[in-house]
Amino acid sequence: MTAPDVADLDRRAVRASVEIVSGVTINDLNRATPCTDWTLGELLAHMTVQHDGFAAAAAGRGADPAVWTVQPLGDDPVAEYAAAAERVLAAFAEPGVLEREFSLPEISPALRFPGAQAIGFHFIDYVVHGWDVARALRIRYELSPDLARAALPIAQAVPDGKRRLQPGAAFRPGLPAPADAVALDQILSALGRSPDWRADGG
C-alpha cells in the first residue's frame with residue numbers, strides 16, 4: 001500500500017472503532033475482554049491514551065512519557081474516546097505528516113519511525129481493538145475486506161516472542177490459524193487473539 005492509503009485505512013478503522021465504542025455504557029465497563037489483563041473500561045482507557053500518544057508523536061512530542069500515561073476514565077468515557085479519535089485523525093491529516101519521524105517509546109525507546117509506518121502501527125491496533133470491544137459487548141464486528149487485506153501483512157510483521165508476555169502488552173503470543181482461515185481470523189491469531197473468544201467463556 002502507499003503512504004496515503006495507510007492514512008485513509010487508519011481513518012476508516014478508527015471511525016469504525018468510534019461507532020463500536022458508542023454502544024458502551026457505564027454498566028459495561030467491568031466486562032471481560034480478549035485482552036486478558038484488561039476489563040472493557042481499562043481497554044477503553046488504553047485506546048483513548050494511545051490516540052493522544054500517537055497525535056503527540058505526529059507533532060514531535062512522542063518521546064514524552066506523559067503523553068502515553070493512561071488516565072482514569074472520566075464521567076463520559078465514550079465521548080472522551082470519540083474526542084481523542086478526532087484529535088489523532090486531525091494530527092494524521094496534517095500536511096507532511098507522512099514524511100515525519102515518530103517517537104514511539106512503547107515500541108522502541110531508541111528508534112524513530114517514518115510517519116507512514118507509525119500510522120500503520122496505529123491502524124493495526126484499531127482494527128484489532130475494535131474487534132476486542134465488539135466481542136466484549138457481544139456484538140458483531142464488521143471489517144471491510146479491503147481493510148482486512150491491508151491489515152493482514154502488518155499483523156504478520158509484528159514481532160512475536162517473550163515481549164508479548166509482559167504485563168500490559170497489547171498483543172499476546174501468536175496462535176496457529178487454519179490455512180483456509182479468513183483474513184480477520186488470521187490477523188487475530190497472529191496477534192494472539194482466539195477468533196472464537198467469547199465474553200461468557202463459552
# chains A, B, ... in the order shown; residues from 1 in each chain; ligands from 1
>>> select_by_dssp(residues="range 8-177 of chain A", states="alpha helix (DSSP H)", output="PyMOL selection string")
chain A and resi 8-21+40-58+77-92+115-137+145-157
>>> write_last_selection(atoms="C-alpha atoms", output="tab-separated table (two decimals), in the first residue's frame")
chain	number	residue	atom	x	y	z
A	8	ASP	CA	-7.09	6.51	4.78
A	9	LEU	CA	-7.27	2.93	6.05
A	10	ASP	CA	-6.41	4.10	9.55
A	11	ARG	CA	-9.10	6.78	9.41
A	12	ARG	CA	-11.70	4.19	8.47
A	13	ALA	CA	-10.59	1.76	11.19
A	14	VAL	CA	-10.66	4.49	13.82
A	15	ARG	CA	-14.08	5.73	12.78
A	16	ALA	CA	-15.38	2.16	12.92
A	17	SER	CA	-13.98	1.83	16.44
A	18	VAL	CA	-15.76	5.03	17.48
A	19	GLU	CA	-19.04	3.60	16.23
A	20	ILE	CA	-18.50	0.39	18.20
A	21	VAL	CA	-17.45	2.23	21.37
A	40	LEU	CA	-13.52	-3.10	28.95
A	41	GLY	CA	-13.02	0.11	30.94
A	42	GLU	CA	-9.27	-0.46	31.13
A	43	LEU	CA	-9.14	-1.26	27.42
A	44	LEU	CA	-11.07	1.91	26.62
A	45	ALA	CA	-8.67	3.98	28.73
A	46	HIS	CA	-5.74	2.40	26.85
A	47	MET	CA	-7.32	3.05	23.46
A	48	THR	CA	-8.01	6.68	24.39
A	49	VAL	CA	-4.47	7.47	25.53
A	50	GLN	CA	-2.96	5.70	22.54
A	51	HIS	CA	-4.83	8.09	20.24
A	52	ASP	CA	-3.39	11.03	22.14
A	53	GLY	CA	0.07	9.47	22.26
A	54	PHE	CA	0.14	8.98	18.50
A	55	ALA	CA	-1.19	12.51	17.97
A	56	ALA	CA	1.63	13.83	20.14
A	57	ALA	CA	4.13	11.70	18.23
A	58	ALA	CA	2.89	13.20	14.97
A	77	PRO	CA	-15.64	7.76	28.55
A	78	VAL	CA	-17.46	7.27	25.24
A	79	ALA	CA	-17.32	10.98	24.45
A	80	GLU	CA	-13.71	11.17	25.66
A	81	TYR	CA	-12.79	8.31	23.34
A	82	ALA	CA	-14.51	9.94	20.36
A	83	ALA	CA	-12.74	13.24	21.06
A	84	ALA	CA	-9.34	11.52	21.26
A	85	ALA	CA	-10.07	9.76	17.97
A	86	GLU	CA	-10.79	13.10	16.31
A	87	ARG	CA	-7.52	14.52	17.67
A	88	VAL	CA	-5.39	11.74	16.23
A	89	LEU	CA	-7.17	11.80	12.88
A	90	ALA	CA	-6.61	15.55	12.68
A	91	ALA	CA	-2.94	15.04	13.55
A	92	PHE	CA	-2.54	12.39	10.87
A	115	GLY	CA	5.18	8.55	9.58
A	116	ALA	CA	3.62	6.05	7.20
A	117	GLN	CA	4.95	3.11	9.22
A	118	ALA	CA	3.80	4.65	12.50
A	119	ILE	CA	0.31	5.17	11.13
A	120	GLY	CA	0.38	1.52	10.04
A	121	PHE	CA	1.04	0.54	13.67
A	122	HIS	CA	-1.92	2.66	14.76
A	123	PHE	CA	-4.09	1.13	12.03
A	124	ILE	CA	-3.49	-2.45	13.12
A	125	ASP	CA	-4.12	-1.52	16.76
A	126	TYR	CA	-7.57	-0.19	15.98
A	127	VAL	CA	-8.54	-2.98	13.62
A	128	VAL	CA	-7.90	-5.39	16.49
A	129	HIS	CA	-9.11	-3.24	19.38
A	130	GLY	CA	-12.37	-2.62	17.51
A	131	TRP	CA	-12.83	-6.40	17.48
A	132	ASP	CA	-11.91	-6.55	21.18
A	133	VAL	CA	-14.63	-4.06	22.11
A	134	ALA	CA	-17.21	-5.71	19.87
A	135	ARG	CA	-16.51	-9.10	21.43
A	136	ALA	CA	-16.73	-7.68	24.94
A	137	LEU	CA	-20.12	-6.19	24.04
A	145	PRO	CA	-12.48	-6.88	3.11
A	146	ASP	CA	-10.00	-4.27	1.89
A	147	LEU	CA	-9.19	-3.26	5.47
A	148	ALA	CA	-8.63	-6.91	6.36
A	149	ARG	CA	-6.38	-7.46	3.34
A	150	ALA	CA	-4.32	-4.39	4.21
A	151	ALA	CA	-4.10	-5.23	7.91
A	152	LEU	CA	-3.00	-8.85	7.48
A	153	PRO	CA	0.63	-8.27	6.37
A	154	ILE	CA	1.05	-5.66	9.11
A	155	ALA	CA	-0.20	-8.11	11.72
A	156	GLN	CA	2.07	-10.84	10.41
A	157	ALA	CA	5.07	-8.48	10.59
>>> select_by_dssp(residues="range 4-200 of chain A", states="strand (DSSP E)", output="PyMOL selection string")
chain A and resi 101-103+112-114
>>> residues_around(residues="Ala179 in chain A", least_positions_apart="5", cutoff="12 Å", atoms="only C-alpha atoms", output="PyMOL selection string")
chain A and resi 185-186+189
